[in-house]
>>> print(open('query.cif').read())   # mmCIF, C-alpha atoms and all ligand atoms
data_target
loop_
_atom_site.label_atom_id
_atom_site.label_comp_id
_atom_site.auth_asym_id
_atom_site.auth_seq_id
_atom_site.Cartn_x
_atom_site.Cartn_y
_atom_site.Cartn_z
CA MET A 1 -5.33 -247.58 -214.45
CA LEU A 2 -8.57 -249.06 -213.08
CA GLU A 3 -8.58 -251.54 -215.95
CA ARG A 4 -5.02 -252.60 -215.27
CA ILE A 5 -5.54 -253.09 -211.57
CA LEU A 6 -8.59 -255.25 -212.16
CA LYS A 7 -6.60 -257.32 -214.59
CA GLU A 8 -3.32 -257.65 -212.75
CA GLN A 9 -4.23 -257.45 -209.06
CA ARG A 10 -7.48 -259.35 -208.96
CA ARG A 11 -6.27 -261.89 -206.43
CA GLU A 12 -5.10 -259.21 -203.95
CA LEU A 13 -8.28 -257.20 -204.45
CA LEU A 14 -10.42 -260.24 -203.79
CA GLN A 15 -8.50 -261.06 -200.65
CA GLN A 16 -8.92 -257.56 -199.22
CA TRP A 17 -12.52 -257.25 -200.31
CA THR A 18 -13.39 -260.59 -198.70
CA ALA A 19 -11.75 -259.38 -195.51
CA GLN A 20 -13.95 -256.26 -195.62
CA LEU A 21 -17.04 -258.35 -196.22
CA ALA A 22 -16.22 -260.63 -193.33
CA GLN A 23 -16.50 -257.66 -190.97
CA VAL A 24 -20.13 -257.08 -191.84
CA ALA A 25 -22.57 -259.24 -189.89
CA THR A 26 -24.76 -261.39 -192.10
CA GLY A 27 -26.61 -263.24 -189.38
CA GLY A 28 -25.95 -266.57 -191.05
CA ARG A 29 -28.00 -265.66 -194.11
CA ILE A 30 -25.05 -266.23 -196.39
CA SER A 31 -21.83 -268.22 -195.92
CA GLY A 32 -18.32 -266.77 -196.16
CA GLU A 33 -17.54 -269.04 -199.11
CA GLU A 34 -20.57 -267.89 -201.00
CA LEU A 35 -19.70 -264.24 -200.39
CA GLU A 36 -16.19 -264.83 -201.62
CA ALA A 37 -17.46 -266.65 -204.71
CA GLN A 38 -19.79 -263.76 -205.50
CA ALA A 39 -17.03 -261.21 -205.00
CA ALA A 40 -14.71 -263.18 -207.31
CA GLU A 41 -17.39 -263.46 -209.96
CA LEU A 42 -18.15 -259.76 -209.90
CA LEU A 43 -14.44 -258.85 -210.16
CA LYS A 44 -14.20 -261.07 -213.21
CA TYR A 45 -17.19 -259.36 -214.85
CA LEU A 46 -15.81 -255.90 -214.01
CA ASP A 47 -12.52 -256.82 -215.60
CA GLU A 48 -14.20 -258.14 -218.72
CA ALA A 49 -16.53 -255.16 -219.05
CA LEU A 50 -13.66 -252.70 -218.75
CA GLN A 51 -11.69 -254.51 -221.45
CA THR A 52 -14.27 -253.78 -224.13
CA GLY A 53 -16.57 -251.14 -222.64
CA SER A 54 -16.08 -247.91 -220.77
CA ALA A 55 -16.58 -247.12 -217.10
CA ASP A 56 -18.78 -244.16 -217.99
CA ASP A 57 -21.77 -246.05 -219.25
CA ILE A 58 -22.84 -249.28 -217.58
CA ASN A 59 -25.77 -249.60 -219.97
CA GLN A 60 -23.45 -250.60 -222.80
CA PRO A 61 -23.68 -254.21 -224.04
CA ALA A 62 -20.19 -254.80 -222.63
CA TRP A 63 -21.76 -254.51 -219.16
CA ASN A 64 -24.52 -257.06 -219.79
CA PRO A 65 -22.89 -259.91 -217.84
CA ALA A 66 -22.09 -257.60 -214.90
CA ARG A 67 -25.63 -256.24 -214.80
CA GLY A 68 -27.10 -259.71 -215.11
CA PHE A 69 -24.95 -260.85 -212.24
CA LEU A 70 -26.07 -257.93 -210.04
CA GLU A 71 -29.73 -258.64 -210.80
CA ASP A 72 -29.26 -262.24 -209.86
CA LEU A 73 -27.44 -261.21 -206.70
CA SER A 74 -30.27 -258.83 -205.74
CA ARG A 75 -32.82 -261.57 -206.20
CA LYS A 76 -30.89 -263.92 -203.94
CA ARG A 77 -30.52 -261.18 -201.32
CA VAL A 78 -34.24 -260.41 -201.38
CA LEU A 79 -35.14 -264.06 -200.92
CA ALA A 80 -32.61 -264.43 -198.11
CA GLY A 81 -34.17 -261.47 -196.32
CA PHE A 82 -31.44 -258.85 -196.72
CA SER A 83 -32.25 -255.12 -196.81
CA SER A 84 -31.40 -252.93 -199.79
CA ASP A 85 -28.72 -251.16 -197.70
CA GLU A 86 -27.04 -254.43 -196.87
CA THR A 87 -27.14 -255.42 -200.50
CA ALA A 88 -25.55 -252.17 -201.66
CA THR A 89 -22.89 -252.51 -198.96
CA PHE A 90 -21.61 -255.58 -200.76
CA LEU A 91 -20.56 -253.37 -203.66
CA PHE A 92 -19.49 -250.34 -201.69
CA SER A 93 -17.11 -252.36 -199.54
CA LEU A 94 -15.01 -252.85 -202.66
CA LYS A 95 -14.18 -249.13 -202.56
CA ARG A 96 -11.55 -249.34 -199.87
CA PRO A 97 -9.37 -252.08 -201.39
CA LEU A 98 -9.78 -250.56 -204.82
CA PHE A 99 -8.79 -247.07 -203.70
CA GLY A 100 -5.79 -248.55 -201.87
CA ALA A 101 -4.62 -250.21 -205.06
CA LEU A 102 -5.16 -247.02 -207.07
CA ARG A 103 -3.12 -245.02 -204.56
CA ALA A 104 -0.25 -247.46 -204.79
CA ALA A 105 -0.35 -247.38 -208.57
CA ALA A 106 -0.56 -243.58 -208.85
CA GLY A 107 2.65 -243.13 -206.86
CA LYS A 108 3.28 -239.42 -206.39
CA ASP A 109 0.94 -238.18 -209.07
CA ALA A 110 -1.83 -236.61 -206.96
CA ASP A 111 -3.84 -235.32 -209.92
CA LYS A 112 -3.86 -238.72 -211.50
CA LEU A 113 -4.93 -240.31 -208.21
CA ALA A 114 -7.82 -237.88 -207.74
CA ASP A 115 -8.90 -238.58 -211.29
CA GLU A 116 -8.80 -242.32 -210.93
CA ILE A 117 -10.55 -242.34 -207.59
CA TRP A 118 -13.27 -240.18 -209.03
CA LYS A 119 -13.71 -242.58 -211.91
CA ALA A 120 -13.82 -245.63 -209.64
CA THR A 121 -16.31 -244.02 -207.24
CA ALA A 122 -18.59 -242.97 -210.04
CA LEU A 123 -18.55 -246.50 -211.43
CA LEU A 124 -19.20 -248.25 -208.12
CA ASP A 125 -21.96 -245.79 -207.27
CA LYS A 126 -23.66 -246.46 -210.57
CA LEU A 127 -23.42 -250.20 -210.06
CA GLY A 128 -24.68 -249.78 -206.48
CA LEU A 129 -27.68 -247.80 -207.64
CA TYR A 130 -28.39 -250.38 -210.28
CA THR A 131 -28.28 -253.10 -207.65
CA VAL A 132 -30.62 -251.25 -205.31
CA LYS A 133 -33.11 -250.70 -208.13
CA ALA A 134 -32.98 -254.37 -209.08
CA PHE A 135 -33.41 -255.24 -205.42
CA GLN A 136 -36.52 -253.09 -205.10
CA ARG A 137 -37.99 -254.43 -208.30
CA THR A 138 -37.56 -257.98 -207.11
CA ARG A 139 -38.98 -257.19 -203.72
CA GLU A 140 -42.10 -255.68 -205.28
CA GLU A 141 -42.48 -258.77 -207.42
CA VAL A 142 -42.21 -260.99 -204.39
CA ILE A 143 -44.74 -258.93 -202.43
CA GLY A 144 -47.09 -258.85 -205.41
CA ARG A 145 -46.90 -262.59 -205.74
CA GLN A 146 -47.59 -263.08 -202.05
CA GLN A 147 -50.63 -260.82 -202.31
CA GLN A 148 -51.88 -262.87 -205.24
CA GLU A 149 -51.46 -266.03 -203.27
CA LEU A 150 -53.25 -264.50 -200.31
CA LEU A 151 -56.13 -263.50 -202.54
CA GLU A 152 -56.53 -267.02 -203.77
CA LEU A 153 -56.30 -268.41 -200.28
CA SER A 154 -58.95 -266.06 -198.97
CA THR A 155 -61.53 -267.15 -201.52
CA PRO A 156 -61.72 -270.92 -201.58
CA VAL A 157 -64.10 -272.59 -203.95
CA VAL A 158 -65.89 -275.32 -202.02
CA ARG A 159 -67.71 -278.33 -203.37
CA LEU A 160 -71.09 -278.50 -201.69
CA TRP A 161 -72.36 -281.52 -203.55
CA ASP A 162 -71.52 -283.55 -206.58
CA GLY A 163 -71.68 -280.99 -209.42
CA ILE A 164 -72.44 -278.05 -207.14
CA LEU A 165 -69.73 -275.53 -206.25
CA ALA A 166 -69.96 -272.61 -203.86
CA LEU A 167 -67.82 -269.49 -203.72
CA PRO A 168 -68.24 -267.62 -200.46
CA LEU A 169 -67.01 -264.07 -201.02
CA ILE A 170 -65.74 -262.09 -198.08
CA GLY A 171 -64.76 -258.42 -197.89
CA THR A 172 -64.44 -255.85 -200.64
CA LEU A 173 -64.60 -256.90 -204.23
CA ASP A 174 -62.08 -254.75 -206.03
CA SER A 175 -61.38 -255.48 -209.65
CA ALA A 176 -58.09 -257.33 -209.06
CA ARG A 177 -59.63 -259.61 -206.51
CA THR A 178 -62.72 -260.34 -208.55
CA GLN A 179 -60.55 -261.32 -211.47
CA VAL A 180 -58.57 -263.86 -209.45
CA VAL A 181 -61.66 -265.23 -207.77
CA MET A 182 -63.58 -265.65 -211.01
CA GLU A 183 -60.70 -267.33 -212.74
CA SER A 184 -60.38 -269.91 -210.01
CA LEU A 185 -64.13 -270.49 -209.96
CA LEU A 186 -64.32 -271.01 -213.72
CA GLN A 187 -61.35 -273.35 -213.62
CA ARG A 188 -62.95 -275.41 -210.87
CA LEU A 189 -66.18 -275.58 -212.86
CA VAL A 190 -64.27 -277.24 -215.67
CA ASP A 191 -62.22 -279.51 -213.42
CA ASP A 192 -65.24 -280.73 -211.47
CA GLU A 193 -67.60 -280.76 -214.44
CA ALA A 194 -69.97 -278.91 -212.17
CA GLN A 195 -73.45 -277.86 -213.28
CA VAL A 196 -74.20 -275.18 -210.70
CA ALA A 197 -72.08 -272.42 -209.13
CA ILE A 198 -73.37 -270.61 -206.06
CA ILE A 199 -71.78 -267.23 -205.41
CA ASP A 200 -72.46 -266.30 -201.81
CA ILE A 201 -72.15 -262.59 -200.98
CA THR A 202 -73.13 -262.78 -197.30
CA GLY A 203 -69.66 -261.51 -196.44
CA VAL A 204 -69.67 -258.58 -198.88
CA PRO A 205 -70.69 -255.45 -196.96
CA THR A 206 -71.55 -253.16 -199.88
CA VAL A 207 -73.13 -254.08 -203.19
CA ASP A 208 -72.80 -251.08 -205.48
CA THR A 209 -72.90 -250.83 -209.27
CA LEU A 210 -69.31 -252.07 -209.60
CA VAL A 211 -69.95 -255.19 -207.51
CA ALA A 212 -73.23 -255.74 -209.36
CA GLN A 213 -71.43 -255.48 -212.66
CA HIS A 214 -68.81 -258.01 -211.52
CA LEU A 215 -71.53 -260.40 -210.41
CA MET A 216 -73.39 -260.14 -213.69
CA LYS A 217 -70.24 -260.71 -215.70
CA ALA A 218 -69.51 -263.76 -213.56
CA ALA A 219 -73.02 -265.10 -214.10
CA THR A 220 -72.69 -264.62 -217.84
CA ALA A 221 -69.35 -266.42 -217.97
CA ILE A 222 -70.73 -269.31 -215.91
CA ARG A 223 -73.70 -269.66 -218.24
CA LEU A 224 -71.46 -269.55 -221.29
CA MET A 225 -69.71 -272.56 -219.85
CA GLY A 226 -72.98 -274.39 -219.76
CA ALA A 227 -73.53 -274.17 -216.00
CA GLU A 228 -76.08 -272.34 -213.87
CA CYS A 229 -75.33 -269.50 -211.46
CA ILE A 230 -77.11 -268.70 -208.23
CA ILE A 231 -76.26 -265.67 -206.12
CA SER A 232 -77.02 -266.14 -202.45
CA GLY A 233 -76.64 -264.08 -199.31
CA ILE A 234 -78.77 -261.16 -200.47
CA ARG A 235 -79.79 -259.76 -197.10
CA PRO A 236 -82.95 -257.60 -196.84
CA GLN A 237 -81.04 -254.30 -196.58
CA ILE A 238 -78.97 -255.22 -199.64
CA ALA A 239 -82.07 -256.19 -201.59
CA GLN A 240 -83.73 -252.85 -200.84
CA THR A 241 -80.59 -250.93 -201.73
CA ILE A 242 -80.17 -252.74 -205.04
CA VAL A 243 -83.77 -251.91 -205.92
CA HIS A 244 -83.28 -248.19 -205.21
CA LEU A 245 -79.97 -248.17 -207.00
CA GLY A 246 -81.94 -249.42 -209.98
CA VAL A 247 -79.60 -252.25 -210.81
CA ASP A 248 -81.28 -255.18 -212.51
CA LEU A 249 -79.54 -258.44 -211.71
CA GLY A 250 -81.34 -259.53 -214.85
CA GLY A 251 -82.14 -263.18 -215.04
CA VAL A 252 -79.71 -264.34 -212.36
CA THR A 253 -81.34 -266.54 -209.75
CA THR A 254 -80.91 -264.96 -206.32
CA LYS A 255 -81.53 -266.48 -202.91
CA ALA A 256 -81.48 -265.14 -199.38
CA THR A 257 -79.28 -267.86 -197.90
CA ILE A 258 -76.80 -270.40 -199.11
CA ALA A 259 -79.11 -273.15 -197.82
CA ASP A 260 -81.92 -271.91 -200.09
CA ALA A 261 -79.44 -271.78 -202.93
CA LEU A 262 -78.33 -275.35 -202.32
CA SER A 263 -81.85 -276.75 -202.36
CA THR A 264 -82.54 -274.87 -205.59
CA ALA A 265 -79.30 -276.21 -207.04
CA LEU A 266 -80.21 -279.76 -206.05
CA ARG A 267 -83.54 -279.37 -207.79
CA MET A 268 -81.84 -277.91 -210.86
CA THR A 269 -79.61 -280.95 -211.08
CA GLY A 270 -82.56 -283.29 -210.87
CA ARG A 271 -82.34 -284.32 -207.25
CA THR A 272 -85.09 -284.20 -204.72
CA ILE A 273 -84.59 -283.50 -201.09
CA SER A 274 -86.61 -285.29 -198.52
CA LYS A 275 -86.63 -283.86 -195.06
CA MET J 1 -60.59 -237.69 -196.86
CA PRO J 2 -58.66 -238.19 -200.08
CA LEU J 3 -60.15 -240.19 -202.94
CA ARG J 4 -57.11 -241.20 -204.93
CA SER J 5 -57.27 -244.99 -205.13
CA GLU J 6 -59.59 -247.96 -204.80
CA HIS J 7 -58.26 -248.36 -201.29
CA ASP J 8 -59.35 -244.79 -200.42
CA ILE J 9 -62.87 -245.75 -201.51
CA VAL J 10 -62.84 -248.66 -199.08
CA LEU J 11 -61.74 -246.29 -196.30
CA ALA J 12 -64.39 -243.76 -197.31
CA ARG J 13 -67.13 -246.40 -197.13
CA GLN J 14 -65.94 -247.51 -193.71
CA ALA J 15 -65.94 -243.94 -192.41
CA VAL J 16 -69.46 -243.33 -193.72
CA ARG J 17 -70.71 -246.56 -192.17
CA ARG J 18 -69.21 -245.65 -188.81
CA THR J 19 -70.78 -242.19 -188.86
CA ALA J 20 -74.15 -243.59 -189.95
CA GLN J 21 -74.03 -246.05 -187.06
CA ASP J 22 -73.05 -243.32 -184.58
CA VAL J 23 -75.96 -241.18 -185.71
CA GLY J 24 -78.27 -244.14 -185.24
CA LEU J 25 -79.47 -244.74 -188.78
CA SER J 26 -81.31 -248.02 -189.31
CA LEU J 27 -79.45 -250.87 -190.95
CA VAL J 28 -81.28 -250.26 -194.23
CA ASP J 29 -80.48 -246.54 -194.18
CA GLN J 30 -76.85 -247.22 -193.29
CA THR J 31 -76.59 -249.53 -196.26
CA LYS J 32 -78.21 -246.95 -198.54
CA ILE J 33 -75.93 -244.05 -197.59
CA VAL J 34 -72.82 -246.24 -197.71
CA THR J 35 -73.76 -247.50 -201.15
CA ALA J 36 -74.48 -243.97 -202.41
CA ALA J 37 -71.12 -242.83 -201.02
CA SER J 38 -69.39 -245.71 -202.75
CA GLU J 39 -70.87 -244.64 -206.10
CA LEU J 40 -70.05 -240.97 -205.74
CA ALA J 41 -66.56 -241.62 -204.41
CA ARG J 42 -65.83 -243.91 -207.32
CA ASN J 43 -67.17 -241.38 -209.82
CA ALA J 44 -64.88 -238.72 -208.30
CA LEU J 45 -61.97 -241.13 -208.63
CA ILE J 46 -62.66 -242.50 -212.09
CA HIS J 47 -64.42 -239.69 -213.93
CA GLY J 48 -63.10 -236.77 -211.86
CA GLY J 49 -59.50 -237.97 -211.73
CA GLY J 50 -59.52 -238.15 -207.91
CA GLY J 51 -60.87 -235.79 -205.29
CA GLN J 52 -61.93 -235.32 -201.71
CA MET J 53 -64.74 -236.51 -199.47
CA LEU J 54 -66.03 -234.42 -196.57
CA LEU J 55 -68.15 -236.18 -193.97
CA SER J 56 -70.23 -234.42 -191.32
CA VAL J 57 -73.14 -234.91 -188.97
CA LEU J 58 -76.08 -232.49 -189.29
CA ARG J 59 -77.96 -231.76 -186.07
CA GLY J 60 -81.23 -229.89 -186.55
CA ASP J 61 -83.79 -229.15 -183.83
CA THR J 62 -85.74 -232.26 -184.45
CA ARG J 63 -83.59 -234.47 -186.54
CA VAL J 64 -80.11 -235.66 -187.19
CA GLY J 65 -78.46 -236.78 -190.39
CA VAL J 66 -75.29 -237.61 -192.23
CA GLN J 67 -74.01 -235.16 -194.84
CA ILE J 68 -71.31 -236.06 -197.32
CA SER J 69 -69.66 -233.94 -200.01
CA PHE J 70 -67.62 -235.22 -202.92
CA ILE J 71 -65.39 -232.71 -204.63
CA ASP J 72 -63.18 -233.12 -207.63
CA GLN J 73 -61.41 -230.81 -210.06
CA GLY J 74 -61.97 -233.05 -213.03
CA PRO J 75 -63.51 -232.36 -216.43
CA GLY J 76 -67.01 -231.74 -215.02
CA ILE J 77 -70.27 -233.07 -216.45
CA PRO J 78 -71.21 -231.44 -219.77
CA ASN J 79 -74.78 -232.74 -219.95
CA MET J 80 -76.35 -233.05 -216.53
CA GLU J 81 -79.69 -234.36 -217.70
CA LEU J 82 -78.03 -237.16 -219.58
CA ALA J 83 -75.66 -238.02 -216.72
CA MET J 84 -78.55 -238.20 -214.25
CA SER J 85 -80.59 -240.54 -216.39
CA ASP J 86 -80.73 -244.27 -215.73
CA GLY J 87 -78.32 -246.29 -217.78
CA TRP J 88 -76.29 -243.50 -219.36
CA THR J 89 -72.57 -243.98 -219.13
CA SER J 90 -69.71 -242.34 -220.96
CA GLY J 91 -68.01 -245.70 -220.97
CA GLY J 92 -67.84 -249.08 -219.36
CA GLY J 93 -70.17 -248.63 -216.41
CA LEU J 94 -73.82 -249.45 -215.89
CA GLY J 95 -74.72 -245.77 -215.82
CA MET J 96 -76.66 -246.28 -212.61
CA GLY J 97 -74.29 -244.63 -210.14
CA LEU J 98 -75.53 -241.05 -210.22
CA PRO J 99 -79.29 -241.67 -210.59
CA GLY J 100 -79.07 -244.58 -208.15
CA ALA J 101 -77.24 -242.51 -205.54
CA ARG J 102 -79.91 -239.84 -205.81
CA ARG J 103 -82.61 -242.39 -205.02
CA LEU J 104 -80.66 -243.68 -202.02
CA VAL J 105 -80.48 -240.34 -200.19
CA ASN J 106 -82.94 -237.69 -198.96
CA GLU J 107 -81.12 -234.67 -200.37
CA PHE J 108 -78.97 -234.53 -203.44
CA ASP J 109 -77.25 -231.41 -204.70
CA ILE J 110 -74.95 -231.42 -207.69
CA LYS J 111 -72.88 -228.60 -209.13
CA SER J 112 -70.70 -229.21 -212.10
CA ALA J 113 -69.21 -227.09 -214.82
CA PRO J 114 -66.95 -228.18 -217.64
CA GLY J 115 -63.38 -227.39 -216.73
CA THR J 116 -63.91 -226.60 -213.04
CA GLY J 117 -64.93 -229.98 -211.67
CA THR J 118 -67.85 -231.49 -209.84
CA GLN J 119 -69.24 -231.04 -206.34
CA ILE J 120 -71.98 -233.26 -205.01
CA THR J 121 -73.51 -233.05 -201.54
CA VAL J 122 -75.92 -235.63 -200.19
CA VAL J 123 -77.81 -235.98 -196.91
CA ARG J 124 -79.52 -238.95 -195.36
CA TRP J 125 -81.72 -238.04 -192.37
CA LYS J 126 -82.52 -240.38 -189.56
N1 LIG A 301 -67.34 -236.61 -210.87
C1 LIG A 301 -67.58 -236.69 -212.19
N2 LIG A 301 -66.82 -235.96 -213.06
C2 LIG A 301 -67.05 -236.03 -214.41
N3 LIG A 301 -67.99 -236.82 -214.97
C3 LIG A 301 -68.77 -237.56 -214.16
C4 LIG A 301 -68.62 -237.53 -212.74
N4 LIG A 301 -69.53 -238.36 -212.20
C5 LIG A 301 -70.23 -238.89 -213.23
N5 LIG A 301 -69.78 -238.41 -214.41
C6 LIG A 301 -70.31 -238.74 -215.76
O1 LIG A 301 -71.65 -239.17 -215.63
C7 LIG A 301 -71.81 -240.48 -216.19
C8 LIG A 301 -72.84 -241.23 -215.40
O2 LIG A 301 -72.34 -241.53 -214.10
P1 LIG A 301 -72.84 -242.84 -213.37
O3 LIG A 301 -72.17 -242.95 -212.05
O4 LIG A 301 -74.33 -242.80 -213.36
O5 LIG A 301 -72.41 -244.01 -214.35
P2 LIG A 301 -70.97 -244.69 -214.53
O6 LIG A 301 -70.03 -244.19 -213.51
O7 LIG A 301 -70.58 -244.50 -215.95
O8 LIG A 301 -71.30 -246.21 -214.29
P3 LIG A 301 -71.66 -246.92 -212.89
O9 LIG A 301 -73.07 -247.41 -213.05
O10 LIG A 301 -70.70 -248.04 -212.75
O11 LIG A 301 -71.54 -245.90 -211.82
C9 LIG A 301 -70.45 -241.08 -216.17
O12 LIG A 301 -70.30 -242.07 -217.16
C10 LIG A 301 -69.56 -239.86 -216.42
O13 LIG A 301 -69.48 -239.57 -217.79
MG MG A 302 -70.44 -244.26 -211.47
#
>>> encode(input="query.cif", output="structure tokens")
Amino acid sequence: MLERILKEQRRELLQQWTAQLAQVATGGRISGEELEAQAAELLKYLDEALQTGSADDINQPAWNPARGFLEDLSRKRVLAGFSSDETATFLFSLKRPLFGALRAAAGKDADKLADEIWKATALLDKLGLYTVKAFQRTREEVIGRQQQELLELSTPVVRLWDGILALPLIGTLDSARTQVVMESLLQRLVDDEAQVAIIDITGVPTVDTLVAQHLMKAATAIRLMGAECIISGIRPQIAQTIVHLGVDLGGVTTKATIADALSTALRMTGRTISK
Amino acid sequence: MPLRSEHDIVLARQAVRRTAQDVGLSLVDQTKIVTAASELARNALIHGGGGQMLLSVLRGDTRVGVQISFIDQGPGIPNMELAMSDGWTSGGGLGMGLPGARRLVNEFDIKSAPGTGTQITVVRWK
């Protein structure tokens, strides 16, 4: 019965569904025409899926276009700033027109009606859940990407001099952050054909074995690329702590301040500074 | 405080630093106890599968200090002598966390048994 209604009464369903949708405030985030177009598209996919597949299992290949459409819809809703509730409401507002059509078609057969309504509800709920999951997945992706971008923003590689780059690190150096930071530093080394990289840790409050390990790996990678690495911003309390910790920054040039590091770097690159 | 993620370790370090400042430890001693805490918290997270940190202030007649305990219910440390030696790691690290932390504090007490977990208590006096 569901199949037949979707095939034969699609125009009426769309009209009623669009009317339902129009009652929900969208705050101008989506136009009425766009909503109607999306509703029409979904009805078409539902119809097609029910021709070859069954309403019991939306994971069947027959449901691929419908699922793809819902994923796409979720993505658009995330980017437009909708909530997951609002996004699910799009689907659930089809219930009323659909149930109305089922009632009309069932006539006096109450058992049949209950059966069909149950089937339709189960289907729309499954699709709704699928949409919400897709919505959440997309939102996490978006947030993750924003965090990535923020990480890169918060650690700019600056060019101190021709061939001399500096990377002022600020805050905690967790593994994810270090990775991003090092990648951008190494890339800049190549792009600028730089000979010296100064990693300044003045803004890093705690230097423990993990941070030390990250720094040493960075220094090794920089050397492998044929450049020199200087670590600056080793304050007295940090120096003492590193000594007690027993970590050997083995062979890496360290300086107290970034100014010291720069004059060393200038000397390394064959320049002399006259005061 | 829970030690269940890298973020918890950041929070743990901040709490230790605040307490060390309140107690009036010098900048060098603050840095030492915070660094030791960072090592032990990370060990509890990575080797112990997560745990707890308890932070308290010790007030004796003549002195005051910061005491921190790290407790986990992980696999425990089978060979203590080895674990406490410089440069020994069961994988990936520098193997300096435990011995280094011991050198950064005034008192260091470690109890660990295979199967029951690890409990480490450290004190840094002012
Ligand atoms: N809480 C713990 N539970 C179980 N095993 C532990 C625990 N803490 C330390 N260990 C064991 O002791 C070893 C030495 O610890 P240590 O902190 O010195 O080095 P690490 O953690 O391997 O490296 P890092 O120098 O980065 O700290 C670890 O590799 C691990 O096998
Ligand atoms: Mg460790």
>>> interface_residues(input="query.cif", of="chain A", to="chain J", cutoff="7 Å", atoms="only C-alpha atoms", output="PDB file with C-alpha atoms, in the coordinates of the input")
ATOM      1  CA  THR A 206     -71.550-253.160-199.880  1.00  0.00           C
ATOM      2  CA  VAL A 207     -73.130-254.080-203.190  1.00  0.00           C
ATOM      3  CA  ASP A 208     -72.800-251.080-205.480  1.00  0.00           C
ATOM      4  CA  THR A 209     -72.900-250.830-209.270  1.00  0.00           C
ATOM      5  CA  GLN A 237     -81.040-254.300-196.580  1.00  0.00           C
ATOM      6  CA  THR A 241     -80.590-250.930-201.730  1.00  0.00           C
ATOM      7  CA  HIS A 244     -83.280-248.190-205.210  1.00  0.00           C
ATOM      8  CA  LEU A 245     -79.970-248.170-207.000  1.00  0.00           C
ATOM      9  CA  GLY A 246     -81.940-249.420-209.980  1.00  0.00           C
ATOM     10  CA  VAL A 247     -79.600-252.250-210.810  1.00  0.00           C
TER      11      VAL A 247
END
>>> residues_near_point(input="query.cif", point="(-65.4, -232.6, -195.1)", cutoff="12 Å", atoms="all atoms listed in the file", output="PDB file with C-alpha atoms, in the coordinates of the input")
ATOM      1  CA  MET J   1     -60.590-237.690-196.860  1.00  0.00           C
ATOM      2  CA  PRO J   2     -58.660-238.190-200.080  1.00  0.00           C
ATOM      3  CA  ALA J  12     -64.390-243.760-197.310  1.00  0.00           C
ATOM      4  CA  ALA J  15     -65.940-243.940-192.410  1.00  0.00           C
ATOM      5  CA  VAL J  16     -69.460-243.330-193.720  1.00  0.00           C
ATOM      6  CA  GLY J  51     -60.870-235.790-205.290  1.00  0.00           C
ATOM      7  CA  GLN J  52     -61.930-235.320-201.710  1.00  0.00           C
ATOM      8  CA  MET J  53     -64.740-236.510-199.470  1.00  0.00           C
ATOM      9  CA  LEU J  54     -66.030-234.420-196.570  1.00  0.00           C
ATOM     10  CA  LEU J  55     -68.150-236.180-193.970  1.00  0.00           C
ATOM     11  CA  SER J  56     -70.230-234.420-191.320  1.00  0.00           C
ATOM     12  CA  VAL J  57     -73.140-234.910-188.970  1.00  0.00           C
ATOM     13  CA  VAL J  66     -75.290-237.610-192.230  1.00  0.00           C
ATOM     14  CA  GLN J  67     -74.010-235.160-194.840  1.00  0.00           C
ATOM     15  CA  ILE J  68     -71.310-236.060-197.320  1.00  0.00           C
ATOM     16  CA  SER J  69     -69.660-233.940-200.010  1.00  0.00           C
ATOM     17  CA  PHE J  70     -67.620-235.220-202.920  1.00  0.00           C
ATOM     18  CA  ILE J  71     -65.390-232.710-204.630  1.00  0.00           C
ATOM     19  CA  GLN J 119     -69.240-231.040-206.340  1.00  0.00           C
ATOM     20  CA  ILE J 120     -71.980-233.260-205.010  1.00  0.00           C
ATOM     21  CA  THR J 121     -73.510-233.050-201.540  1.00  0.00           C
TER      22      THR J 121
END
>>> atom_distance(input="query.cif", atom1="atom CA of Gly115 of chain J", atom2="atom CA of Pro75 of chain J")
5.0 Å
>>> atom_distance(input="query.cif", atom1="atom CA of Met80 of chain J", atom2="atom CA of Arg17 of chain J")
28.4 Å
>>> atom_distance(input="query.cif", atom1="atom CA of Ala40 of chain A", atom2="atom CA of Asp115 of chain A")
25.6 Å
>>> closest_residue(input="query.cif", among="J:Thr62, J:Ala44, J:Glu107, J:Val122", to="ligand MG 302 (chain A)", atoms="all atoms listed in the file")
J:Ala44
>>> residues_around(input="query.cif", residues="Gly74 of chain J", least_positions_apart="2", cutoff="6 Å", atoms="all atoms listed in the file", output="ChimeraX atom specification")
/J:48-49,72,76,117
>>> axis_aligned_box(input="query.cif", around="segment 121-139 of chain A", padding_each_side="8 Å", output="JSON")
{"center_x": -27.6, "center_y": -250.5, "center_z": -207.6, "size_x": 38.7, "size_y": 31.0, "size_z": 23.7}
>>> closest_residue(input="query.cif", among="J:Trp125, J:Leu82, J:Asp61, J:His47", to="ligand LIG 301 (chain A)", atoms="all atoms listed in the file")
J:His47
>>> closest_residue(input="query.cif", among="J:Leu58, J:Val123, J:Ile46, J:Ile9", to="ligand LIG 301 (chain A)", atoms="all atoms listed in the file")
J:Ile46
